[in-house]
$ cat protein09.txt   # compact mmCIF, C-alpha atoms
# COMPACT_ATOMS: atom_id res chain seq x y z
CA MET O 102 121.87 136.75 196.07
CA ASN O 103 125.15 135.42 197.45
CA LYS O 104 125.67 131.83 198.57
CA GLN O 105 125.52 132.58 202.29
CA THR O 106 122.16 134.29 201.92
CA ARG O 107 120.78 131.37 199.91
CA ILE O 108 122.06 128.88 202.51
CA THR O 109 120.58 130.95 205.31
CA GLU O 110 117.21 130.98 203.59
CA ILE O 111 117.28 127.18 203.36
CA VAL O 112 118.12 126.86 207.06
CA GLU O 113 115.42 129.35 208.06
CA LYS O 114 112.84 127.54 205.97
CA LEU O 115 113.72 124.21 207.64
CA SER O 116 113.84 125.59 211.17
CA GLY O 117 110.76 127.76 210.65
CA LYS O 118 112.30 130.85 212.23
CA PRO O 119 114.86 133.57 211.48
CA LEU O 120 118.45 132.50 212.02
CA ALA O 121 119.72 134.06 215.22
CA ILE O 122 123.26 132.67 215.35
CA GLY O 123 126.52 133.61 213.68
CA ALA O 124 127.82 132.00 210.50
CA ASP O 125 130.48 130.07 212.42
CA GLU O 126 128.20 128.77 215.17
CA SER O 127 126.95 125.19 215.20
CA LEU O 128 123.48 124.75 213.77
CA PHE O 129 123.03 121.61 215.85
CA GLU O 130 124.52 122.56 219.18
CA SER O 131 122.49 125.77 219.07
CA GLY O 132 119.32 123.78 218.44
CA VAL O 133 118.53 125.40 215.07
CA LEU O 134 118.46 122.02 213.30
CA ASP O 135 118.17 118.43 214.47
CA SER O 136 119.62 115.32 212.82
CA PHE O 137 116.61 114.76 210.60
CA ALA O 138 116.42 118.36 209.44
CA LEU O 139 120.07 118.00 208.48
CA THR O 140 119.11 115.37 205.93
CA ASP O 141 116.45 117.69 204.53
CA MET O 142 118.95 120.50 204.40
CA VAL O 143 121.38 118.43 202.34
CA SER O 144 118.61 117.63 199.86
CA ALA O 145 117.67 121.30 199.68
CA LEU O 146 121.30 122.29 199.09
CA GLU O 147 121.54 119.79 196.25
CA ARG O 148 118.51 121.35 194.58
CA GLU O 149 119.45 124.97 195.23
CA PHE O 150 123.04 124.69 194.02
CA SER O 151 122.57 121.91 191.44
CA ILE O 152 125.17 119.71 193.08
CA ARG O 153 125.26 116.07 194.10
CA ILE O 154 126.44 115.47 197.66
CA PRO O 155 127.75 111.90 197.88
CA ASP O 156 127.09 109.67 200.88
CA SER O 157 130.77 109.86 201.78
CA ASP O 158 130.37 113.59 202.45
CA LEU O 159 127.29 113.13 204.63
CA THR O 160 128.80 114.01 207.99
CA PRO O 161 127.54 116.65 210.40
CA ARG O 162 131.04 118.13 210.53
CA LYS O 163 130.80 119.36 206.93
CA PHE O 164 127.38 120.96 207.43
CA ASP O 165 127.65 122.12 211.01
CA SER O 166 127.51 125.88 210.33
CA ILE O 167 126.59 128.34 207.61
CA ALA O 168 130.30 129.01 207.05
CA ARG O 169 131.14 125.33 206.65
CA ILE O 170 128.25 124.78 204.29
CA GLU O 171 129.36 127.74 202.22
CA ALA O 172 132.90 126.37 202.09
CA TYR O 173 131.59 123.01 200.97
CA ILE O 174 129.43 124.57 198.26
CA GLU O 175 132.38 126.69 197.09
CA THR O 176 134.54 123.63 196.51
CA HIS O 177 131.84 121.43 194.99
CA SER O 178 129.91 123.71 192.65
CA MET F 172 111.82 78.99 195.63
CA ALA F 173 112.15 80.30 199.19
CA TYR F 174 109.17 81.02 201.40
CA LEU F 175 108.57 82.88 204.63
CA ARG F 176 106.93 80.22 206.76
CA ALA F 177 106.60 81.77 210.22
CA PHE F 178 107.97 84.31 212.65
CA GLY F 179 108.41 84.15 216.40
CA ALA F 180 109.66 86.32 219.22
CA TYR F 181 110.61 86.40 222.85
CA LEU F 182 110.72 89.50 225.04
CA PRO F 183 112.02 89.47 228.61
CA THR F 184 109.36 90.26 231.18
CA ARG F 185 111.01 93.25 232.88
CA VAL F 186 109.63 96.52 231.50
CA VAL F 187 111.91 99.55 231.86
CA ASP F 188 110.31 102.91 231.17
CA ASN F 189 112.04 106.18 230.39
CA ALA F 190 111.56 107.53 233.89
CA GLU F 191 113.55 104.62 235.33
CA LEU F 192 116.42 105.34 232.96
CA ALA F 193 116.36 109.11 233.42
CA ALA F 194 118.66 109.10 236.42
CA GLN F 195 121.19 106.84 234.72
CA THR F 196 121.21 108.52 231.32
CA GLY F 197 120.47 112.12 232.16
CA ALA F 198 117.87 112.14 229.39
CA GLY F 199 114.37 113.30 230.26
CA ALA F 200 111.52 110.87 229.65
CA GLU F 201 109.64 113.22 227.33
CA TRP F 202 112.79 114.09 225.39
CA ILE F 203 113.44 110.38 224.77
CA VAL F 204 109.93 109.95 223.37
CA ARG F 205 110.22 113.06 221.23
CA SER F 206 113.64 112.22 219.77
CA THR F 207 113.26 108.45 219.38
CA GLY F 208 109.63 107.40 219.86
CA ILE F 209 110.72 105.00 222.61
CA GLU F 210 108.50 104.88 225.70
CA GLN F 211 109.77 101.66 227.26
CA ARG F 212 111.95 98.65 226.57
CA ARG F 213 112.55 95.21 228.06
CA PHE F 214 115.66 94.20 229.99
CA ALA F 215 116.78 90.60 230.34
CA ALA F 216 117.03 89.03 233.78
CA GLY F 217 120.42 88.14 235.18
CA HIS F 218 119.99 84.45 234.42
CA GLU F 219 119.05 85.07 230.78
CA SER F 220 121.56 85.05 227.92
CA VAL F 221 121.49 85.86 224.22
CA ALA F 222 121.37 82.10 223.66
CA SER F 223 118.40 81.54 225.98
CA LEU F 224 116.49 84.45 224.43
CA GLY F 225 117.27 83.07 220.97
CA VAL F 226 116.05 79.59 221.92
CA ALA F 227 112.76 80.99 223.23
CA ALA F 228 112.18 82.98 220.01
CA ALA F 229 113.09 79.95 217.89
CA GLN F 230 110.64 77.75 219.80
CA ASP F 231 107.88 80.33 219.33
CA CYS F 232 108.63 80.48 215.60
CA LEU F 233 108.68 76.70 215.18
CA GLU F 234 105.41 76.42 217.10
CA ASN F 235 103.84 79.01 214.80
CA ALA F 236 105.13 77.02 211.84
CA GLY F 237 103.88 73.71 213.24
CA MET F 238 107.34 72.30 212.77
CA SER F 239 109.68 70.23 214.91
CA PRO F 240 113.23 71.45 215.55
CA ARG F 241 114.41 68.21 213.92
CA GLU F 242 113.15 69.50 210.58
CA VAL F 243 115.47 72.54 210.71
CA GLY F 244 118.43 72.15 208.36
CA MET F 245 120.44 75.20 209.37
CA LEU F 246 120.53 78.04 211.88
CA LEU F 247 121.65 81.58 211.10
CA VAL F 248 122.01 83.62 214.28
CA ALA F 249 122.41 87.39 214.21
CA CYS F 250 123.81 88.81 217.42
CA SER F 251 125.93 91.86 218.16
CA SER F 252 125.88 91.66 221.94
CA ALA F 253 127.39 88.21 222.53
CA PRO F 254 129.25 87.99 225.83
CA CYS F 255 132.53 86.76 224.35
CA ARG F 256 134.57 87.16 221.18
CA PHE F 257 133.92 83.51 220.32
CA PRO F 258 132.04 81.28 220.20
CA GLY F 259 128.90 83.17 219.28
CA PRO F 260 125.52 81.92 220.48
CA ALA F 261 124.58 79.97 217.32
CA SER F 262 125.93 76.56 218.34
CA SER F 263 124.49 76.84 221.87
CA ILE F 264 121.08 77.71 220.45
CA GLY F 265 121.19 74.66 218.18
CA THR F 266 122.17 72.36 221.01
CA ASP F 267 119.56 73.83 223.37
CA LEU F 268 116.91 73.38 220.68
CA GLY F 269 117.82 69.68 220.72
CA ILE F 270 119.43 69.65 217.30
CA PRO F 271 123.18 69.30 217.91
CA GLY F 272 125.01 68.65 214.69
CA VAL F 273 122.85 70.97 212.63
CA PRO F 274 125.09 73.71 211.17
CA ALA F 275 124.65 76.95 213.10
CA ILE F 276 126.28 80.10 211.79
CA ASP F 277 126.84 83.35 213.70
CA LEU F 278 126.20 86.65 211.95
CA PRO F 279 127.68 89.38 214.19
CA ILE F 280 126.05 92.19 212.22
CA ALA F 281 124.49 94.78 214.52
CA SER F 282 120.97 95.83 213.57
CA ALA F 283 121.04 94.50 210.00
CA GLY F 284 122.01 90.90 210.86
CA SER F 285 118.51 89.43 210.65
CA LEU F 286 117.87 91.00 207.25
CA PHE F 287 121.15 89.61 205.95
CA GLY F 288 120.23 86.24 207.47
CA MET F 289 116.83 86.19 205.74
CA ALA F 290 118.44 87.01 202.39
CA LEU F 291 121.11 84.33 202.87
CA ALA F 292 118.49 81.81 203.96
CA ALA F 293 116.59 82.33 200.71
CA HIS F 294 119.67 81.14 198.84
CA LEU F 295 120.41 78.29 201.26
CA VAL F 296 117.02 76.55 201.43
CA PRO F 297 117.51 74.55 198.21
CA ALA F 298 120.26 72.69 200.09
CA TYR F 299 119.07 72.91 203.71
CA ARG F 300 115.25 72.94 203.21
CA ASN F 301 114.35 74.81 206.40
CA VAL F 302 116.64 77.60 207.59
CA LEU F 303 115.85 79.21 210.93
CA VAL F 304 117.04 82.82 211.16
CA ILE F 305 117.34 84.18 214.69
CA GLY F 306 118.19 87.66 215.93
CA THR F 307 118.96 87.82 219.63
CA GLU F 308 120.33 90.68 221.68
CA ILE F 309 120.95 91.79 225.24
CA MET F 310 121.84 95.38 224.46
CA SER F 311 121.37 96.50 228.07
CA ARG F 312 124.73 94.86 228.87
CA VAL F 313 126.69 96.67 226.14
CA ALA F 314 124.92 100.02 225.67
CA THR F 315 125.62 101.28 229.17
CA GLU F 316 126.60 104.90 228.61
CA GLY F 317 124.15 107.74 229.13
CA ASP F 318 124.04 108.89 225.52
CA THR F 319 123.02 105.49 224.14
CA ALA F 320 121.57 103.44 227.02
CA PHE F 321 118.05 104.82 226.64
CA LEU F 322 117.89 103.73 222.99
CA PHE F 323 118.19 100.01 223.45
CA GLY F 324 116.29 97.02 224.73
CA ASP F 325 116.67 93.25 224.91
CA GLY F 326 114.80 90.58 223.01
CA ALA F 327 114.90 87.99 220.28
CA GLY F 328 113.05 87.23 217.08
CA ALA F 329 113.05 84.35 214.63
CA CYS F 330 112.02 83.63 211.06
CA LEU F 331 111.66 80.26 209.38
CA VAL F 332 112.55 80.27 205.69
CA SER F 333 111.45 77.13 203.89
CA ALA F 334 111.93 75.61 200.45
CA GLU F 335 108.54 73.89 200.48
CA SER F 336 105.84 76.24 201.71
CA GLY F 337 105.02 79.45 203.49
CA PHE F 338 102.73 82.46 203.48
CA ALA F 339 104.93 84.53 201.17
CA GLU F 340 107.65 83.99 198.62
CA ILE F 341 110.98 85.75 199.03
CA ARG F 342 111.31 87.35 195.62
CA ASP F 343 114.42 89.51 195.84
CA ALA F 344 116.88 91.18 198.19
CA LEU F 345 119.32 94.05 197.93
CA LEU F 346 122.21 94.01 200.40
CA SER F 347 125.06 96.50 200.71
CA SER F 348 128.11 97.06 202.90
CA ASP F 349 130.56 99.95 203.11
CA ALA F 350 133.19 100.67 205.78
CA GLU F 351 133.31 104.41 205.04
CA PHE F 352 131.58 105.14 208.36
CA ALA F 353 132.46 101.96 210.26
CA ASP F 354 133.93 103.98 213.14
CA ALA F 355 130.68 105.88 213.66
CA LEU F 356 128.92 102.90 215.25
CA ARG F 357 130.97 100.27 216.98
CA LEU F 358 131.42 98.12 220.04
CA ASP F 359 135.09 97.86 220.90
CA LEU F 360 136.44 95.20 223.21
CA ALA F 361 135.87 96.07 226.87
CA ALA F 362 134.18 99.35 226.00
CA PRO F 363 130.57 100.48 225.86
CA LEU F 364 128.75 100.95 222.58
CA TYR F 365 129.88 104.06 220.70
CA MET F 366 127.63 105.87 218.24
CA GLU F 367 127.86 109.15 216.36
CA GLY F 368 124.12 109.54 216.17
CA ARG F 369 123.90 112.34 213.63
CA THR F 370 126.20 110.59 211.17
CA ILE F 371 124.31 107.33 211.50
CA ILE F 372 120.95 109.04 211.03
CA MET F 373 122.20 110.93 207.97
CA GLN F 374 123.54 107.75 206.40
CA ALA F 375 120.47 105.69 207.24
CA SER F 376 118.11 108.42 206.03
CA ARG F 377 119.68 108.14 202.61
CA LYS F 378 120.70 104.52 202.27
CA VAL F 379 117.54 102.79 203.48
CA PRO F 380 115.02 104.62 201.24
CA ARG F 381 117.39 104.21 198.31
CA ALA F 382 117.64 100.44 198.88
CA ILE F 383 113.85 100.10 199.18
CA THR F 384 113.20 102.24 196.12
CA GLU F 385 115.74 100.40 193.97
CA LEU F 386 114.44 97.00 195.08
CA LEU F 387 110.85 97.92 194.26
CA HIS F 388 111.80 99.59 190.99
CA ARG F 389 113.67 96.58 189.66
CA ASN F 390 110.67 94.40 190.56
CA ARG F 391 108.25 96.88 188.96
CA ILE F 392 106.27 97.37 192.16
CA PRO F 393 105.01 100.89 193.01
CA PRO F 394 105.71 101.73 196.68
CA LEU F 395 102.01 102.33 197.32
CA ASP F 396 101.26 98.73 196.25
CA VAL F 397 103.29 97.40 199.20
CA GLN F 398 101.03 96.07 201.96
CA VAL F 399 103.49 96.42 204.78
CA PHE F 400 107.01 97.68 205.42
CA LEU F 401 108.92 96.08 208.28
CA MET F 402 112.04 97.95 209.26
CA HIS F 403 114.74 97.68 211.88
CA GLN F 404 113.30 99.56 214.85
CA ALA F 405 116.06 102.10 215.41
CA ASN F 406 114.17 105.36 215.78
CA LEU F 407 110.54 106.25 215.10
CA ASN F 408 111.55 109.55 213.52
CA LEU F 409 113.88 107.68 211.15
CA ILE F 410 111.08 105.31 210.17
CA ALA F 411 108.82 108.32 209.48
CA ARG F 412 111.57 109.86 207.38
CA VAL F 413 112.05 106.67 205.37
CA ALA F 414 108.30 106.40 204.76
CA GLN F 415 108.20 110.02 203.57
CA THR F 416 111.15 109.54 201.21
CA VAL F 417 109.79 106.30 199.78
CA GLY F 418 106.43 108.02 199.31
CA VAL F 419 104.08 105.95 201.44
CA PRO F 420 102.02 106.76 204.55
CA GLN F 421 103.89 106.02 207.77
CA GLU F 422 101.02 103.73 208.77
CA ARG F 423 102.33 101.20 206.22
CA PHE F 424 105.38 100.72 208.45
CA SER F 425 104.71 98.28 211.26
CA CYS F 426 106.28 99.77 214.39
CA ASN F 427 106.76 98.58 217.95
CA ILE F 428 109.79 100.62 218.97
CA GLN F 429 107.54 102.51 221.38
CA ARG F 430 107.29 99.40 223.58
CA PHE F 431 110.53 97.52 222.92
CA GLY F 432 113.14 100.15 222.01
CA ASN F 433 115.95 99.34 219.63
CA THR F 434 116.79 95.64 220.01
CA SER F 435 119.45 95.80 217.28
CA SER F 436 119.44 92.72 215.05
CA ALA F 437 116.41 91.26 216.85
CA SER F 438 114.11 94.19 216.17
CA LEU F 439 113.19 93.39 212.57
CA LEU F 440 112.06 89.87 213.46
CA ILE F 441 110.28 90.94 216.64
CA ALA F 442 108.32 93.49 214.60
CA ALA F 443 107.58 90.87 211.95
CA ALA F 444 106.41 88.36 214.55
CA GLU F 445 104.07 90.92 216.06
CA TRP F 446 102.76 91.89 212.63
CA ARG F 447 102.00 88.28 211.71
CA SER F 448 100.38 87.52 215.06
CA GLN F 449 98.08 90.52 214.60
CA ASP F 450 97.32 89.68 210.97
CA PRO F 451 97.82 85.98 210.22
CA SER F 452 95.67 86.14 207.08
CA PRO F 453 97.21 85.37 203.69
CA LEU F 454 99.42 88.16 202.41
CA ALA F 455 97.33 90.54 200.27
CA GLY F 456 100.26 92.41 198.76
CA PRO F 457 104.04 92.66 198.81
CA ALA F 458 105.93 93.00 202.09
CA VAL F 459 109.24 94.85 202.29
CA PHE F 460 111.80 94.27 205.03
CA ALA F 461 114.61 96.79 205.54
CA ALA F 462 117.48 97.36 207.93
CA PHE F 463 120.57 99.45 208.52
CA GLY F 464 123.36 98.83 210.96
CA ALA F 465 126.98 98.99 212.01
CA GLY F 466 129.55 98.21 209.39
CA LEU F 467 127.87 99.89 207.66
CA HIS F 468 125.50 97.18 206.41
CA TRP F 469 122.07 97.89 204.97
CA GLY F 470 119.51 96.57 202.57
CA ALA F 471 115.97 95.55 201.79
CA LEU F 472 114.15 92.30 201.05
CA LEU F 473 110.96 91.79 199.06
CA ALA F 474 108.39 89.10 199.80
CA VAL F 475 105.28 88.65 197.67
CA PRO F 476 102.06 86.66 198.07
CA LYS F 477 102.31 83.04 196.95
CA GLU F 478 101.19 82.54 193.38
$ encode --input "protein09.txt" --output "structure tokens"
Amino acid sequence: MNKQTRITEIVEKLSGKPLAIGADESLFESGVLDSFALTDMVSALEREFSIRIPDSDLTPRKFDSIARIEAYIETHS
Amino acid sequence: MAYLRAFGAYLPTRVVDNAELAAQTGAGAEWIVRSTGIEQRRFAAGHESVASLGVAAAQDCLENAGMSPREVGMLLVACSSAPCRFPGPASSIGTDLGIPGVPAIDLPIASAGSLFGMALAAHLVPAYRNVLVIGTEIMSRVATEGDTAFLFGDGAGACLVSAESGFAEIRDALLSSDAEFADALRLDLAAPLYMEGRTIIMQASRKVPRAITELLHRNRIPPLDVQVFLMHQANLNLIARVAQTVGVPQERFSCNIQRFGNTSSASLLIAAAEWRSQDPSPLAGPAVFAAFGAGLHWGALLAVPKE
């Protein structure tokens, strides 16, 4: 399973429904995730990819879309 | 030793519900409740000031303590909505309490100021005996934009920390500051309050539970042994998230944000005053206070029953 598929599964699990937006679209502006789900998503990403996301990286900008999350994972795993 | 002796509070009389703010903020009443837990808040009257609110809370606290203002050795006043750059309201509050000459220190730390004041007071009481910590805010005059105005309310709280006696002993505190996200929550000169909500929630969701957990761990207290958690009333969903992460039922967190909104540095002490007024019996177990605010500043404080 590639990274994007694994990230998508995490997002779908948190939102409780199939992802219906493109990889570059905002997860927040589209209403897929809210601020609190974002925190859960970061924790899930840490577990799934065995990485530690420091507080200094905890900004919505870095986790705003599937593509951005994938880019972050690529450079930190 | 440092003891929590009493709490007090003052809330302005004018109740402002979400429907009243809907036209100004563009936020629907139900959406505000769903996203913040806030149903109403209080707004200060035109003649009221952060100093007058602070004096009223201080008087309530001293009355609850059965203590005269003349016995207060120091004032620590947290306020992030003072009307001018300086002076802050601390010296006015001291004078209006009838104790001019008593040192009165301003702590302009939004939201976390009262927690920092309580922790500082615990270290200061050996020299000053009775330190009165006050958090006082008129947020309705600074949070005026649509995307933040519905979050905030006005009010003041107070806490008397004493070297001699009290209902609980302040055992430990963990305070932290980091400017990494200082720009995400700020009040610039001649500008309304600015907040990047998602960033602040993400940071608070991590930093507050971590502070509480570390504080309890180093004092060998399991979270479920804590009788009550009192937290800065920023957002009911955030409080629920912190409870979940710490591993305790949300009911352990004393909340009044539904009725008073986010009163910044006053909220922790207003919540504590309400908690003590509802349950003035001796403390049965540890109490944990926690806050997070602009700066960023955050932390937690542990109080335990008197031995």
$ residues_near_point --input "protein09.txt" --point "(115.0, 82.0, 223.3)" --cutoff "10 Å" --atoms "all atoms listed in the file" --output "PyMOL selection string"
chain F and resi 179-183+219-231+264+267-268+305-307+326-329
$ atom_distance --input "protein09.txt" --atom1 "CA of Val413 (chain F)" --atom2 "CA of Ala458 (chain F)"
15.3 Å
$ atom_distance --input "protein09.txt" --atom1 "CA of Glu210 (chain F)" --atom2 "CA of Glu445 (chain F)"
17.5 Å
$ interface_residues --input "protein09.txt" --of "chain O" --to "chain F" --cutoff "7 Å" --atoms "all atoms listed in the file" --output "number ranges by chain"
O: 136, 140, 156-157, 159-161
$ closest_residue --input "protein09.txt" --among "O:Pro155, O:Asp141, O:Arg169, O:His177" --to "Val112 (chain O)" --atoms "all atoms listed in the file"
O:Asp141
$ closest_residue --input "protein09.txt" --among "F:Gly324, F:Pro451, F:Gly337, F:Pro394" --to "Pro476 (chain F)" --atoms "only C-alpha atoms"
F:Gly337
$ residues_near_point --input "protein09.txt" --point "(102.3, 80.3, 214.2)" --cutoff "10 Å" --atoms "all atoms listed in the file" --output "list in words"
Arg176, Ala177, Phe178, Gly179, Asp231, Cys232, Leu233, Glu234, Asn235, Ala236, Gly237, Met238, Ala444, Arg447, Ser448 and Pro451 of chain F
$ closest_residue --input "protein09.txt" --among "F:Gly217, F:Pro380, F:Gly199, F:Gly259" --to "Leu278 (chain F)" --atoms "all atoms listed in the file"
F:Gly259
$ closest_residue --input "protein09.txt" --among "O:Thr176, O:Ser166, O:Ser151, O:Ser131" --to "Thr109 (chain O)" --atoms "all atoms listed in the file"
O:Ser166
$ axis_aligned_box --input "protein09.txt" --around "region 147-163 of chain O" --padding-each-side "6 Å" --output "lines of an AutoDock Vina configuration file"
center_x = 124.8
center_y = 117.3
center_z = 201.0
size_x = 24.5
size_y = 27.3
size_z = 31.1
$ atom_distance --input "protein09.txt" --atom1 "CA of Ala124 (chain O)" --atom2 "CA of Val143 (chain O)"
17.1 Å
$ residues_around --input "protein09.txt" --residues "Leu128 (chain O)" --least-positions-apart "6" --cutoff "9 Å" --atoms "only C-alpha atoms" --output "JSON, numbers by chain"
{"O": [112, 122, 134, 135, 164, 165, 166, 167]}
$ write_last_selection --input "protein09.txt" --atoms "C-alpha atoms" --output "PDB file, in the coordinates of the input"
ATOM      1  CA  VAL O 112     118.120 126.860 207.060  1.00  0.00           C
ATOM      2  CA  ILE O 122     123.260 132.670 215.350  1.00  0.00           C
ATOM      3  CA  LEU O 134     118.460 122.020 213.300  1.00  0.00           C
ATOM      4  CA  ASP O 135     118.170 118.430 214.470  1.00  0.00           C
ATOM      5  CA  PHE O 164     127.380 120.960 207.430  1.00  0.00           C
ATOM      6  CA  ASP O 165     127.650 122.120 211.010  1.00  0.00           C
ATOM      7  CA  SER O 166     127.510 125.880 210.330  1.00  0.00           C
ATOM      8  CA  ILE O 167     126.590 128.340 207.610  1.00  0.00           C
TER       9      ILE O 167
END
$ residues_around --input "protein09.txt" --residues "Ala145 (chain O)" --least-positions-apart "2" --cutoff "12 Å" --atoms "only C-alpha atoms" --output "number ranges by chain"
O: 107-115, 138-143, 147-154
$ closest_residue --input "protein09.txt" --among "O:Lys163, O:Ser178, O:Asp158, O:Tyr173" --to "Ser127 (chain O)" --atoms "only C-alpha atoms"
O:Lys163
$ residues_around --input "protein09.txt" --residues "Gln421 (chain F)" --least-positions-apart "4" --cutoff "8 Å" --atoms "all atoms listed in the file" --output "ChimeraX atom specification"
/F:410-411,414-415
$ closest_residue --input "protein09.txt" --among "F:Leu473, F:Met402, F:Leu395, F:Ala455" --to "Ser282 (chain F)" --atoms "all atoms listed in the file"
F:Met402
$ build_atoms --input "protein09.txt" --residues "region 184-196 of chain F" --atoms "N, CA, C and O atoms" --output "tab-separated table (two decimals), in the frame of the given file"
chain	number	residue	atom	x	y	z
F	184	THR	N	110.56	89.75	230.51
F	184	THR	CA	109.36	90.26	231.18
F	184	THR	C	109.56	91.64	231.82
F	184	THR	O	108.60	92.38	232.00
F	185	ARG	N	110.81	91.99	232.14
F	185	ARG	CA	111.01	93.25	232.88
F	185	ARG	C	110.86	94.46	231.96
F	185	ARG	O	111.61	94.62	230.99
F	186	VAL	N	109.88	95.30	232.27
F	186	VAL	CA	109.63	96.52	231.50
F	186	VAL	C	110.38	97.68	232.16
F	186	VAL	O	110.26	97.90	233.37
F	187	VAL	N	111.15	98.40	231.35
F	187	VAL	CA	111.91	99.55	231.86
F	187	VAL	C	111.43	100.79	231.12
F	187	VAL	O	111.61	100.91	229.90
F	188	ASP	N	110.81	101.71	231.85
F	188	ASP	CA	110.31	102.91	231.17
F	188	ASP	C	111.36	104.01	231.21
F	188	ASP	O	112.41	103.89	231.85
F	189	ASN	N	111.06	105.10	230.51
F	189	ASN	CA	112.04	106.18	230.39
F	189	ASN	C	112.35	106.82	231.74
F	189	ASN	O	113.48	107.25	231.99
F	190	ALA	N	111.35	106.90	232.59
F	190	ALA	CA	111.56	107.53	233.89
F	190	ALA	C	112.61	106.76	234.70
F	190	ALA	O	113.45	107.35	235.38
F	191	GLU	N	112.57	105.43	234.59
F	191	GLU	CA	113.55	104.62	235.33
F	191	GLU	C	114.97	104.86	234.83
F	191	GLU	O	115.92	104.82	235.59
F	192	LEU	N	115.09	105.15	233.53
F	192	LEU	CA	116.42	105.34	232.96
F	192	LEU	C	116.91	106.78	233.09
F	192	LEU	O	118.09	107.06	232.85
F	193	ALA	N	116.01	107.69	233.43
F	193	ALA	CA	116.36	109.11	233.42
F	193	ALA	C	117.56	109.42	234.32
F	193	ALA	O	118.46	110.16	233.94
F	194	ALA	N	117.57	108.82	235.49
F	194	ALA	CA	118.66	109.10	236.42
F	194	ALA	C	119.99	108.61	235.89
F	194	ALA	O	121.02	109.26	236.03
F	195	GLN	N	119.96	107.44	235.23
F	195	GLN	CA	121.19	106.84	234.72
F	195	GLN	C	121.72	107.57	233.49
F	195	GLN	O	122.92	107.77	233.31
F	196	THR	N	120.79	107.97	232.61
F	196	THR	CA	121.21	108.52	231.32
F	196	THR	C	121.25	110.04	231.29
F	196	THR	O	121.90	110.62	230.42
